[in-house]
Protein chains: 2
Amino acid sequence: MQTRGAYRTPDGLPHVDRARLESTLLTLGEIGRNPETGGINRTAFSVADLEARRWFISKLEAAGLTIRIDPIANIIGTLPGTDPGKPSLVIGSHLDSVPEGGRFDGALGLMIALELVHAISDLDISLRHPLEIVSFSDEEGGLVGSRGWIGMLNDDDLNRQYGGRTLRQVLREMDLDPDDIDRARRAEGEIAAYLEVHIEQGRVLEREGLQIGVVEGIVALDEYEITVTGVANHAGTTRMADRRDPMAAAARMITGVREEVLRLGGNLVGTVGRLETEPGAPNVIPSVVRFTIDIRDPSHLVLWRALSNLHEHFDTIAREEDVEVAWRTLAQIPPAPADQTVMQALLDAAGRYGYRHKVMPSGAGHDAQSVAAIAPMGMIFAPSVGGLSHTPAEFTRIEDTVASADVLLQALLLLDERLP
Amino acid sequence: MQTRGAYRTPDGLPHVDRARLESTLLTLGEIGRNPETGGINRTAFSVADLEARRWFISKLEAAGLTIRIDPIANIIGTLPGTDPGKPSLVIGSHLDSVPEGGRFDGALGLMIALELVHAISDLDISLRHPLEIVSFSDEEGGLVGSRGWIGMLNDDDLNRQYGGRTLRQVLREMDLDPDDIDRARRAEGEIAAYLEVHIEQGRVLEREGLQIGVVEGIVALDEYEITVTGVANHAGTTRMADRRDPMAAAARMITGVREEVLRLGGNLVGTVGRLETEPGAPNVIPSVVRFTIDIRDPSHLVLWRALSNLHEHFDTIAREEDVEVAWRTLAQIPPAPADQTVMQALLDAAGRYGYRHKVMPSGAGHDAQSVAAIAPMGMIFAPSVGGLSHTPAEFTRIEDTVASADVLLQALLLLDERLP
């Protein structure tokens with residue numbers, strides 16, 4: 001590897017080493033790669049994920065960090081600060097992927113974090129605060145590692161299956177005590193600021209020709225399963241007027257979801273991702289139709305307005321169609337706003353380099369969302385080509401990756417100065 | 001069993017024996033009955049179906065009929081006619097049921113046929129034409145036995161699975177030669193008329209307070225699978241304007257199916273019975289939505305008008321939603337009109353008894369539909385309480401069953417006179 005190390009331009013701005021960053025990203029991208037599809041298969045605690053963890057630990061150690069594995073198997077590498085007793089500046093992301101995922105989701109954030117440690121060393125920078133690099137366990141399965149930091153894990157999580165083993169068993173195999181996960185919690189005040197870079201997984205930055213998205217917050221997310229119950233009947237002998245058809249009702253409801261979302265506008269998004277019919281035969285009017293609604297907005301208020309309107313609208317349709325409608329909550333995740341000081345440091349950093357950027361919400365969930373409950377949080381997005389993610393076609397350009405790394409480095413230095 | 005046998009009222013009209021008819025229906029209803037649910041489990045060639053076949057053969061033999069099993073395992077019991085060389089009058093239906101079906105679907109038609117044989121004997125009636133009582137194999141699986149009569153079986157049928165065995169194996173186990181099924185064909189001219197009584201499986205008769213439905217024909221039935229292809233994407237990070245969402249498109253199409261069917265009106269019915277999404281996760285905009293359309297009308301012309309309008313409408317929606325739409329044919333069954341002479345005999349018979357009746361189409365398929373291709377066909381419906389069928393709750397009142405039996409008996413006598 002031909003690298004020149006991090007450097008400062010004459011204006012004093014620090015720049016990361018593009019070749020080194022690209023190289024570590026490529027190396028990690030070989031672990032768990034399906035040679036036929038190019039897809040990354042590094043689901044949490046799989047053989048490939050464990051290999052990636054060992055590799056990442058060795059890289060952090062080589063960069064001079066002290067490693068500890070916390071009770072929920074998060075990898076934490078620490079560089080001490082110069083001022084004793086200060087809370088940590090933390091940079092986190094994740095190594096695990098979805099099945100047949102891409103090379104950038106999660107990986108980008110940690111490879112940038114690693115590059116920052118090298119850059120700090122190259123540039124002889126001393127931070128007043130301790131710096132922690134964190135690889136969170138099982139982000140894709142539901143922010144498991146970062147929820148461990150905020151005391152949000154329960155027995156359901158410990159009984160979750162990972163390739164036939166429970167999380168309990170997985171932790172034991174790693175010499176961790178599953179009954180000890182409460183000790184993964186981080187106290188408020190222990191973390192001065194949490195930073196994360198992630199791929200955007202959307203097309204906003206690409207379409208607007210931008211390099212950096214400064215996240216103002218992670219959206220509130222609600223997921224429901226709607227069950228519409230009618231009466232199963234013969235598709236040939238039941239006149240249209242005699243039907244109590246939950247599919248006809250569900251079709252109107254689904255159209256209603258989009259209409260309501262578009263009517264309220266802004267950043268609100270609503271999705272029907274799954275629909276099932278019972279009994280599910282072409283020649284039988286269904287008795288039951290079940291579909292999901294995923295609805296997100298930076299503001300809880302907007303979400304609640306949309307949901308209350310949809311609730312009323314579905315009730316009207318159910319009355320008109322003579323069917324029953326029931327809502328079941330699958331998930332309700334509150335919004336996680338970014339911290340103003342951290343956001344300002346990221347905006348200042350982006351501005352100093354002249355990187356084209358904008359403030360935007362994150363429509364996807366990230367570990368930052370958990371950490372926001374106990375520490376000031378800030379995030380930036382790197383553009384996703386075509387908005388694609390969770391697919392082998394996932395791609396973020398190296399120049400955009402470098403821009404994100406530069407901004408994170410500069411923001412880290414600003415926060416080290418600005419934060420107590 | 002206390003029975004008085006069939007009798008004639010002073011006006012000369014023959015009447016079947018209600019107690020005997022009720023008793024045979026109850027006896028057959030015990031074969032394959034799930035004691036917990038009351039559901040009938042007599043799927044074709046199951047142990048229970050084979051037991052019902054043996055029982056029915058013994059009943060036909062006891063009534064004086066000569067039994068033969070044709071190459072597709074249809075049971076045919078024959079009573080010779082007085083005039084030599086005449087074509088047969090045939091009464092048919094089926095013993096097999098859907099899983100957890102009811103006591104009347106199929107069974108009612110054969111128990112009435114059996115009662116007619118007894119009544120003819122009780123009343124010392126001699127028919128000029130031979131009388132055949134036919135129990136068709138596997139009606140519920142797709143009119144298998146009656147399609148054998150019209151040469152419509154193929155290798156797919158012979159490879160069809162019955163509890164882990166192919167039809168080929170099943171036939172061999174019954175000492176039949178599967179390579180011989182072509183010999184199940186009945187020649188045109190062999191059958192003077194075909195008659196069938198079936199439960200309505202709808203609510204038209206019940207709602208109008210009628211006892212008899214005289215079927216004018218079995219509807220044309222088309223079944224399609226519609227595949228709507230968009231682009232899978234993240235439910236949180238993909239703005240509404242950036243979506244190519246096949247679920248949103250499918251919802252509009254499904255609403256369109258009902259609107260078009262109601263617009264054309266009459267007897268037209270359209271059903272979306274099955275819908276599936278891919279990948280089917282609540283937080284992913286689907287890439288593909290597949291749904292079925294089942295559409296039926298007595299007139300091919302109406303069906304084609306509806307389908308061509310829907311085709312155009314779906315294309316418009318696909319253009320507007322920027323998705324692809326493709327149609328795949330699952331089934332196309334032409335309409336089977338009843339024969340005018342046979343229908344008239346059934347109407348005359350119903351009129352003579354003063355049973356409240358109406359002419360109506362059959363929205364469901366029946367063995368009569370196959371036989372219509374080679375012989376004059378007529379059918380009557382007995383009312384289904386609540387329009388229910390294919391469920392343990394399926395029920396037809398004994399007084400309505402008796403009315404159907406009387407009408408069939410009288411129509412049989414009329415046709416024996418009227419037909420050459």
# chains A, B, ... in the order shown; residues from 1 in each chain; ligands from 1
>>> closest_atom_pairs(of="chain B", to="chain A", cutoff="6 Å", atoms="only C-alpha atoms", output="tab-separated table")
residue	atom	partner	partner_atom	distance
B:Gln201	CA	A:Thr237	CA	6.0
B:Gly202	CA	A:Thr237	CA	4.8
B:Ala235	CA	A:Thr271	CA	6.0
B:Gly236	CA	A:Gly363	CA	4.1
B:Thr237	CA	A:Gly363	CA	4.5
B:Thr238	CA	A:Gly202	CA	5.3
B:Ala251	CA	A:Ala251	CA	4.4
B:Thr271	CA	A:Ala235	CA	6.0
B:Gly273	CA	A:Pro282	CA	4.5
B:Arg274	CA	A:Gly280	CA	4.5
B:Thr277	CA	A:Arg274	CA	5.7
B:Gly280	CA	A:Arg274	CA	4.4
B:Ala281	CA	A:Gly273	CA	5.5
B:Pro282	CA	A:Gly273	CA	4.5
B:Val284	CA	A:Gly273	CA	5.5
B:Ile285	CA	A:Gly273	CA	5.2
B:Pro286	CA	A:Gly273	CA	5.5
B:Thr292	CA	A:Pro282	CA	5.6
B:Gly363	CA	A:Gly236	CA	4.1
B:Ala364	CA	A:Gly236	CA	5.0
>>> write_last_selection(atoms="C-alpha atoms", output="compact mmCIF listing (two decimals), in the first residue's frame")
# COMPACT_ATOMS: atom_id res chain seq x y z
CA GLN B 201 -73.12 -21.92 -2.54
CA GLY B 202 -74.51 -18.40 -2.73
CA ALA B 235 -38.95 2.67 3.60
CA GLY B 236 -37.30 5.45 5.60
CA THR B 237 -34.81 7.06 3.26
CA THR B 238 -36.72 6.97 -0.02
CA ALA B 251 -53.93 -1.08 -4.52
CA THR B 271 -62.34 -11.27 -6.93
CA GLY B 273 -58.23 -13.67 -3.52
CA ARG B 274 -54.47 -13.74 -3.15
CA THR B 277 -45.31 -8.96 -1.74
CA GLY B 280 -42.29 -8.64 2.19
CA ALA B 281 -40.63 -6.71 5.01
CA PRO B 282 -42.50 -3.88 6.74
CA VAL B 284 -38.86 -2.18 2.60
CA ILE B 285 -40.81 -0.80 -0.36
CA PRO B 286 -41.69 -4.01 -2.27
CA THR B 292 -54.80 -12.92 -8.64
CA GLY B 363 -71.15 -18.86 -10.62
CA ALA B 364 -69.35 -22.03 -9.55
>>> residues_around(residues="Pro420 of chain A", least_positions_apart="6", cutoff="9 Å", atoms="only C-alpha atoms", output="PyMOL selection string")
chain A and resi 86-87+129+192
>>> select_by_dssp(residues="segment 134-366 of chain A", states="strand (DSSP E)", output="ChimeraX atom specification")
/A:134-136,161-162,165-166,191-199,212-218,220-229,233-234,269-271,275-278,284-285,288-297,324-333,336-337,357-362
>>> atom_distance(atom1="atom CA of Ile72 of chain A", atom2="atom CA of Gly217 of chain A")
25.5 Å
>>> residues_around(residues="Gly189 of chain A", least_positions_apart="4", cutoff="10 Å", atoms="only C-alpha atoms", output="number ranges by chain")
A: 86-88, 193, 374-376
>>> write_last_selection(atoms="N, CA and C atoms", output="short mmCIF file (atom, residue, chain, number, x, y, z; two decimals), in the first residue's frame")
data_model
loop_
_atom_site.label_atom_id
_atom_site.label_comp_id
_atom_site.auth_asym_id
_atom_site.auth_seq_id
_atom_site.Cartn_x
_atom_site.Cartn_y
_atom_site.Cartn_z
N LYS A 86 -11.80 13.70 31.72
CA LYS A 86 -12.78 14.24 30.77
C LYS A 86 -13.65 13.10 30.22
N PRO A 87 -14.90 13.45 29.88
CA PRO A 87 -15.75 12.44 29.19
C PRO A 87 -15.23 12.19 27.77
N SER A 88 -15.66 11.08 27.20
CA SER A 88 -15.10 10.65 25.90
C SER A 88 -15.80 11.29 24.72
N ALA A 193 -19.57 13.60 23.44
CA ALA A 193 -20.30 13.67 22.17
C ALA A 193 -20.15 12.35 21.43
N ILE A 374 -28.59 9.22 25.76
CA ILE A 374 -27.70 9.46 26.92
C ILE A 374 -26.56 10.43 26.61
N ALA A 375 -26.43 10.89 25.35
CA ALA A 375 -25.28 11.74 25.02
C ALA A 375 -25.61 12.66 23.84
N PRO A 376 -24.92 13.80 23.76
CA PRO A 376 -25.09 14.68 22.60
C PRO A 376 -24.65 13.94 21.33
#
>>> atom_distance(atom1="atom CA of Glu115 of chain A", atom2="atom CA of Gly141 of chain A")
26.4 Å
>>> closest_residue(among="B:Pro99, B:Gly92, B:Pro10, B:Pro130", to="Thr37 of chain B", atoms="only C-alpha atoms")
B:Pro99
>>> closest_residue(among="B:Ile76, B:Ile199, B:Ile191, B:Ile398", to="Gly145 of chain B", atoms="only C-alpha atoms")
B:Ile76
>>> atom_distance(atom1="atom CA of Val371 of chain B", atom2="atom CA of Glu22 of chain B")
27.8 Å
>>> closest_residue(among="A:Gly109, A:Gly142, A:Pro383, A:Gly164", to="Glu206 of chain A", atoms="only C-alpha atoms")
A:Pro383
>>> residues_around(residues="His357 of chain A", least_positions_apart="6", cutoff="9 Å", atoms="only C-alpha atoms", output="ChimeraX atom specification")
/A:205,209-214,347,350-351
>>> write_last_selection(atoms="N, CA and C atoms", output="compact mmCIF listing (two decimals), in the first residue's frame")
# COMPACT_ATOMS: atom_id res chain seq x y z
N LEU A 205 -29.00 13.53 -1.50
CA LEU A 205 -27.69 14.16 -1.74
C LEU A 205 -27.29 14.05 -3.21
N GLY A 209 -26.71 17.06 -5.89
CA GLY A 209 -25.28 17.27 -6.17
C GLY A 209 -24.47 17.63 -4.93
N LEU A 210 -24.81 17.06 -3.78
CA LEU A 210 -24.14 17.40 -2.52
C LEU A 210 -23.21 16.27 -2.08
N GLN A 211 -22.23 16.63 -1.23
CA GLN A 211 -21.25 15.64 -0.75
C GLN A 211 -21.51 15.19 0.67
N ILE A 212 -22.15 16.06 1.45
CA ILE A 212 -22.32 15.80 2.89
C ILE A 212 -23.75 16.12 3.30
N GLY A 213 -24.36 15.21 4.04
CA GLY A 213 -25.63 15.53 4.69
C GLY A 213 -25.39 15.62 6.19
N VAL A 214 -25.71 16.78 6.77
CA VAL A 214 -25.57 16.92 8.22
C VAL A 214 -26.94 16.61 8.82
N LEU A 347 -21.32 21.27 10.81
CA LEU A 347 -21.60 22.27 9.78
C LEU A 347 -20.39 23.18 9.58
N ALA A 350 -17.75 21.19 7.62
CA ALA A 350 -18.10 21.07 6.20
C ALA A 350 -17.87 22.39 5.49
N GLY A 351 -18.24 23.47 6.16
CA GLY A 351 -18.09 24.81 5.58
C GLY A 351 -16.62 25.15 5.35
>>> residues_around(residues="Asp70 of chain B", least_positions_apart="5", cutoff="12 Å", atoms="only C-alpha atoms", output="number ranges by chain")
B: 75-77, 134-137, 145-146, 148-149, 171, 174-178, 180-186
>>> residues_around(residues="Ile112 of chain B", least_positions_apart="2", cutoff="8 Å", atoms="only C-alpha atoms", output="PyMOL selection string")
chain B and resi 21+108-110+114-116+197+401+405
>>> select_by_dssp(residues="segment 42-170 of chain B", states="helix (DSSP H, G or I)", output="PyMOL selection string")
chain B and resi 47-62+107-122+144-149+155-159+167-170
>>> write_last_selection(atoms="C-alpha atoms", output="PDB file, in the first residue's frame")
ATOM      1  CA  VAL B  47     -59.136 -43.220   2.924  1.00  0.00           C
ATOM      2  CA  ALA B  48     -62.482 -41.558   3.692  1.00  0.00           C
ATOM      3  CA  ASP B  49     -63.268 -40.966   0.003  1.00  0.00           C
ATOM      4  CA  LEU B  50     -62.499 -44.610  -0.780  1.00  0.00           C
ATOM      5  CA  GLU B  51     -64.760 -45.671   2.100  1.00  0.00           C
ATOM      6  CA  ALA B  52     -67.541 -43.409   0.764  1.00  0.00           C
ATOM      7  CA  ARG B  53     -67.100 -44.932  -2.690  1.00  0.00           C
ATOM      8  CA  ARG B  54     -67.463 -48.474  -1.334  1.00  0.00           C
ATOM      9  CA  TRP B  55     -70.527 -47.462   0.672  1.00  0.00           C
ATOM     10  CA  PHE B  56     -72.118 -45.735  -2.336  1.00  0.00           C
ATOM     11  CA  ILE B  57     -71.447 -48.700  -4.634  1.00  0.00           C
ATOM     12  CA  SER B  58     -73.141 -51.027  -2.129  1.00  0.00           C
ATOM     13  CA  LYS B  59     -76.128 -48.675  -1.964  1.00  0.00           C
ATOM     14  CA  LEU B  60     -76.444 -48.535  -5.775  1.00  0.00           C
ATOM     15  CA  GLU B  61     -76.139 -52.312  -6.009  1.00  0.00           C
ATOM     16  CA  ALA B  62     -78.758 -52.779  -3.309  1.00  0.00           C
ATOM     17  CA  ALA B 107     -73.182 -35.414  -1.448  1.00  0.00           C
ATOM     18  CA  LEU B 108     -76.625 -33.801  -1.848  1.00  0.00           C
ATOM     19  CA  GLY B 109     -76.638 -34.491  -5.600  1.00  0.00           C
ATOM     20  CA  LEU B 110     -75.729 -38.158  -5.248  1.00  0.00           C
ATOM     21  CA  MET B 111     -78.047 -38.867  -2.322  1.00  0.00           C
ATOM     22  CA  ILE B 112     -80.916 -37.341  -4.342  1.00  0.00           C
ATOM     23  CA  ALA B 113     -79.903 -39.522  -7.323  1.00  0.00           C
ATOM     24  CA  LEU B 114     -79.967 -42.588  -5.085  1.00  0.00           C
ATOM     25  CA  GLU B 115     -83.377 -41.561  -3.697  1.00  0.00           C
ATOM     26  CA  LEU B 116     -84.681 -41.245  -7.272  1.00  0.00           C
ATOM     27  CA  VAL B 117     -83.682 -44.837  -8.013  1.00  0.00           C
ATOM     28  CA  HIS B 118     -85.592 -45.950  -4.923  1.00  0.00           C
ATOM     29  CA  ALA B 119     -88.572 -43.757  -5.832  1.00  0.00           C
ATOM     30  CA  ILE B 120     -88.709 -45.168  -9.360  1.00  0.00           C
ATOM     31  CA  SER B 121     -88.800 -48.643  -7.852  1.00  0.00           C
ATOM     32  CA  ASP B 122     -91.363 -47.677  -5.156  1.00  0.00           C
ATOM     33  CA  VAL B 144     -61.097 -34.576 -12.982  1.00  0.00           C
ATOM     34  CA  GLY B 145     -63.626 -37.392 -13.499  1.00  0.00           C
ATOM     35  CA  SER B 146     -65.995 -35.407 -15.710  1.00  0.00           C
ATOM     36  CA  ARG B 147     -63.112 -34.056 -17.765  1.00  0.00           C
ATOM     37  CA  GLY B 148     -62.232 -37.710 -18.365  1.00  0.00           C
ATOM     38  CA  TRP B 149     -65.631 -38.058 -20.063  1.00  0.00           C
ATOM     39  CA  ASP B 155     -50.163 -35.866 -18.208  1.00  0.00           C
ATOM     40  CA  ASP B 156     -50.383 -32.979 -15.742  1.00  0.00           C
ATOM     41  CA  ASP B 157     -53.559 -34.522 -14.397  1.00  0.00           C
ATOM     42  CA  LEU B 158     -51.990 -37.970 -14.195  1.00  0.00           C
ATOM     43  CA  ASN B 159     -49.024 -36.543 -12.280  1.00  0.00           C
ATOM     44  CA  LEU B 167     -53.121 -40.019  -9.919  1.00  0.00           C
ATOM     45  CA  ARG B 168     -51.298 -42.579 -12.040  1.00  0.00           C
ATOM     46  CA  GLN B 169     -50.375 -44.576  -8.900  1.00  0.00           C
ATOM     47  CA  VAL B 170     -53.826 -44.115  -7.386  1.00  0.00           C
TER      48      VAL B 170
END
>>> closest_residue(among="B:Gly5, B:Gly64, B:Pro392, B:Gly163", to="Phe45 of chain B", atoms="only C-alpha atoms")
B:Gly163
>>> decode(residues="segment 278-390 of chain B", atoms="C-alpha atoms", output="mmCIF file, in the first residue's frame")
data_model
loop_
_atom_site.group_PDB
_atom_site.id
_atom_site.type_symbol
_atom_site.label_atom_id
_atom_site.label_comp_id
_atom_site.auth_asym_id
_atom_site.auth_seq_id
_atom_site.Cartn_x
_atom_site.Cartn_y
_atom_site.Cartn_z
ATOM 1 C CA GLU B 278 -41.563 -9.323 -2.258
ATOM 2 C CA PRO B 279 -39.391 -9.057 -0.231
ATOM 3 C CA GLY B 280 -42.294 -8.637 2.186
ATOM 4 C CA ALA B 281 -40.625 -6.709 5.010
ATOM 5 C CA PRO B 282 -42.504 -3.881 6.740
ATOM 6 C CA ASN B 283 -39.555 -1.507 6.286
ATOM 7 C CA VAL B 284 -38.855 -2.179 2.602
ATOM 8 C CA ILE B 285 -40.808 -0.803 -0.355
ATOM 9 C CA PRO B 286 -41.690 -4.009 -2.266
ATOM 10 C CA SER B 287 -39.987 -4.807 -5.537
ATOM 11 C CA VAL B 288 -42.821 -7.050 -6.688
ATOM 12 C CA VAL B 289 -46.506 -7.430 -5.875
ATOM 13 C CA ARG B 290 -48.382 -10.414 -7.296
ATOM 14 C CA PHE B 291 -52.138 -10.743 -7.093
ATOM 15 C CA THR B 292 -54.803 -12.918 -8.641
ATOM 16 C CA ILE B 293 -58.005 -11.915 -10.429
ATOM 17 C CA ASP B 294 -60.904 -14.344 -10.708
ATOM 18 C CA ILE B 295 -63.598 -12.964 -12.987
ATOM 19 C CA ARG B 296 -66.827 -14.682 -14.057
ATOM 20 C CA ASP B 297 -69.906 -13.974 -16.124
ATOM 21 C CA PRO B 298 -72.450 -16.097 -17.991
ATOM 22 C CA SER B 299 -71.460 -14.194 -21.150
ATOM 23 C CA HIS B 300 -68.002 -14.361 -22.648
ATOM 24 C CA LEU B 301 -68.664 -10.989 -24.201
ATOM 25 C CA VAL B 302 -69.134 -9.266 -20.833
ATOM 26 C CA LEU B 303 -66.016 -10.988 -19.502
ATOM 27 C CA TRP B 304 -63.942 -9.831 -22.438
ATOM 28 C CA ARG B 305 -65.221 -6.283 -22.161
ATOM 29 C CA ALA B 306 -64.314 -6.195 -18.451
ATOM 30 C CA LEU B 307 -60.882 -7.702 -19.096
ATOM 31 C CA SER B 308 -60.008 -5.371 -21.951
ATOM 32 C CA ASN B 309 -61.062 -2.364 -19.859
ATOM 33 C CA LEU B 310 -59.008 -3.618 -16.911
ATOM 34 C CA HIS B 311 -56.011 -4.231 -19.147
ATOM 35 C CA GLU B 312 -56.120 -0.640 -20.356
ATOM 36 C CA HIS B 313 -56.748 0.696 -16.845
ATOM 37 C CA PHE B 314 -53.791 -1.271 -15.402
ATOM 38 C CA ASP B 315 -51.524 0.017 -18.184
ATOM 39 C CA THR B 316 -52.502 3.581 -17.326
ATOM 40 C CA ILE B 317 -51.806 3.019 -13.633
ATOM 41 C CA ALA B 318 -48.469 1.343 -14.437
ATOM 42 C CA ARG B 319 -47.435 4.347 -16.555
ATOM 43 C CA GLU B 320 -48.445 6.807 -13.850
ATOM 44 C CA GLU B 321 -46.690 4.814 -11.101
ATOM 45 C CA ASP B 322 -43.623 4.017 -13.232
ATOM 46 C CA VAL B 323 -43.949 0.263 -12.626
ATOM 47 C CA GLU B 324 -44.285 -2.727 -14.937
ATOM 48 C CA VAL B 325 -47.425 -4.852 -15.130
ATOM 49 C CA ALA B 326 -47.688 -8.360 -16.578
ATOM 50 C CA TRP B 327 -50.632 -10.743 -16.921
ATOM 51 C CA ARG B 328 -50.313 -14.517 -16.641
ATOM 52 C CA THR B 329 -53.273 -16.769 -17.400
ATOM 53 C CA LEU B 330 -54.104 -19.259 -14.644
ATOM 54 C CA ALA B 331 -57.380 -20.540 -16.107
ATOM 55 C CA GLN B 332 -59.810 -19.757 -18.911
ATOM 56 C CA ILE B 333 -62.977 -21.797 -18.763
ATOM 57 C CA PRO B 334 -65.642 -21.117 -21.394
ATOM 58 C CA PRO B 335 -69.306 -20.725 -20.391
ATOM 59 C CA ALA B 336 -71.469 -23.889 -20.433
ATOM 60 C CA PRO B 337 -75.094 -23.026 -21.258
ATOM 61 C CA ALA B 338 -77.867 -25.356 -20.121
ATOM 62 C CA ASP B 339 -79.851 -27.160 -22.822
ATOM 63 C CA GLN B 340 -83.219 -25.482 -23.530
ATOM 64 C CA THR B 341 -85.217 -28.751 -23.513
ATOM 65 C CA VAL B 342 -83.667 -29.932 -20.271
ATOM 66 C CA MET B 343 -84.122 -26.530 -18.656
ATOM 67 C CA GLN B 344 -87.761 -26.455 -19.752
ATOM 68 C CA ALA B 345 -88.375 -29.880 -18.166
ATOM 69 C CA LEU B 346 -86.878 -28.624 -14.888
ATOM 70 C CA LEU B 347 -88.971 -25.427 -15.024
ATOM 71 C CA ASP B 348 -92.130 -27.399 -15.843
ATOM 72 C CA ALA B 349 -91.425 -29.779 -12.965
ATOM 73 C CA ALA B 350 -90.810 -26.955 -10.460
ATOM 74 C CA GLY B 351 -94.007 -25.273 -11.684
ATOM 75 C CA ARG B 352 -96.130 -28.370 -11.232
ATOM 76 C CA TYR B 353 -95.210 -28.653 -7.548
ATOM 77 C CA GLY B 354 -95.587 -24.936 -7.039
ATOM 78 C CA TYR B 355 -92.052 -24.719 -5.639
ATOM 79 C CA ARG B 356 -90.828 -21.120 -5.661
ATOM 80 C CA HIS B 357 -88.028 -21.001 -8.235
ATOM 81 C CA LYS B 358 -86.042 -18.784 -10.559
ATOM 82 C CA VAL B 359 -83.699 -19.096 -13.509
ATOM 83 C CA MET B 360 -80.140 -18.142 -12.573
ATOM 84 C CA PRO B 361 -76.565 -18.657 -13.676
ATOM 85 C CA SER B 362 -74.143 -20.863 -11.776
ATOM 86 C CA GLY B 363 -71.146 -18.856 -10.619
ATOM 87 C CA ALA B 364 -69.349 -22.030 -9.551
ATOM 88 C CA GLY B 365 -67.955 -24.764 -11.761
ATOM 89 C CA HIS B 366 -69.588 -28.193 -11.664
ATOM 90 C CA ASP B 367 -69.204 -31.537 -13.425
ATOM 91 C CA ALA B 368 -72.219 -30.463 -15.518
ATOM 92 C CA GLN B 369 -69.926 -27.962 -17.181
ATOM 93 C CA SER B 370 -67.691 -30.726 -18.556
ATOM 94 C CA VAL B 371 -70.604 -32.899 -19.626
ATOM 95 C CA ALA B 372 -72.226 -29.924 -21.410
ATOM 96 C CA ALA B 373 -69.514 -30.278 -24.071
ATOM 97 C CA ILE B 374 -70.956 -33.621 -25.230
ATOM 98 C CA ALA B 375 -74.574 -33.763 -24.016
ATOM 99 C CA PRO B 376 -77.682 -31.648 -23.271
ATOM 100 C CA MET B 377 -77.231 -30.473 -19.669
ATOM 101 C CA GLY B 378 -79.493 -29.103 -16.981
ATOM 102 C CA MET B 379 -78.916 -28.306 -13.299
ATOM 103 C CA ILE B 380 -80.849 -27.164 -10.303
ATOM 104 C CA PHE B 381 -79.668 -25.519 -7.112
ATOM 105 C CA ALA B 382 -80.907 -26.101 -3.588
ATOM 106 C CA PRO B 383 -80.575 -23.089 -1.271
ATOM 107 C CA SER B 384 -77.462 -22.815 0.943
ATOM 108 C CA VAL B 385 -78.230 -21.316 4.355
ATOM 109 C CA GLY B 386 -76.224 -18.100 4.627
ATOM 110 C CA GLY B 387 -74.730 -18.862 1.212
ATOM 111 C CA LEU B 388 -72.025 -20.852 2.982
ATOM 112 C CA SER B 389 -70.092 -23.714 1.406
ATOM 113 C CA HIS B 390 -66.701 -25.415 1.786
#
